[in-house]
Amino acid sequence: MGQSAETTDFIVDCLTDWWQNNQSDYTELEELVIDLDGGPANRSNRTQFIKRIIELSQRIGLRIRLIYYPPYHSKYNPIERCPSGT
């Protein structure tokens with residue numbers, strides 16, 4: 001999937017790959033809204049992550065809005081409501 005072991009790069013690599021494979025389905029799209037959990041790899045103060053997101057936004061011509069869940073509020077994160085298989 002991704003080219004890097006660095007989580008921030010992996011996230012952006014996956015988003016880039018997803019967009020390349022699906023952009024024809026979203027021709028009217030003007031903005032991507034991405035929910036983030038504020039983990040250490042994608043916090044807003046992580047300059048590598050923000051730099052890569054900006055580069056992706058410029059490359060694909062879409063605004064990208066990053067939505068952060070408040071710390072310790074996993075109940076708001078939809079992924080936390082998925083069954084875990086354990």
# chains A, B, ... in the order shown; residues from 1 in each chain; ligands from 1
$ residues_around --residues "Gln20 of chain A" --least-positions-apart "5" --cutoff "12 Å" --atoms "only C-alpha atoms" --output "MDAnalysis selection string"
chainID A and resid 13:15 25:26 56 59:60
$ write_last_selection --atoms "C-alpha atoms" --output "PDB file, in the first residue's frame"
ATOM      1  CA  ASP A  13       0.456   7.484   0.452  1.00  0.00           C
ATOM      2  CA  CYS A  14      -2.801   5.604   1.079  1.00  0.00           C
ATOM      3  CA  LEU A  15      -4.906   8.732   0.489  1.00  0.00           C
ATOM      4  CA  ASP A  25     -16.313   8.522  -9.153  1.00  0.00           C
ATOM      5  CA  TYR A  26     -16.099  11.950  -7.491  1.00  0.00           C
ATOM      6  CA  LEU A  56      -1.502  16.247  -1.810  1.00  0.00           C
ATOM      7  CA  ARG A  59      -1.501  17.996  -6.521  1.00  0.00           C
ATOM      8  CA  ILE A  60      -5.120  16.820  -6.718  1.00  0.00           C
TER       9      ILE A  60
END
$ atom_distance --atom1 "atom CA of Glu55 of chain A" --atom2 "atom CA of Tyr69 of chain A"
23.3 Å
$ atom_distance --atom1 "atom CA of Asn21 of chain A" --atom2 "atom CA of Phe49 of chain A"
21.7 Å
$ closest_residue --among "A:Trp18, A:Glu30, A:Val12, A:Thr7" --to "Ile53 of chain A" --atoms "only C-alpha atoms"
A:Val12
$ closest_residue --among "A:Pro70, A:Thr16, A:Ile11, A:Arg63" --to "Glu31 of chain A" --atoms "only C-alpha atoms"
A:Arg63
$ closest_residue --among "A:Ile54, A:Leu62, A:Asp35, A:Phe10" --to "Gln23 of chain A" --atoms "only C-alpha atoms"
A:Leu62
$ atom_distance --atom1 "atom CA of Thr47 of chain A" --atom2 "atom CA of Tyr68 of chain A"
15.7 Å
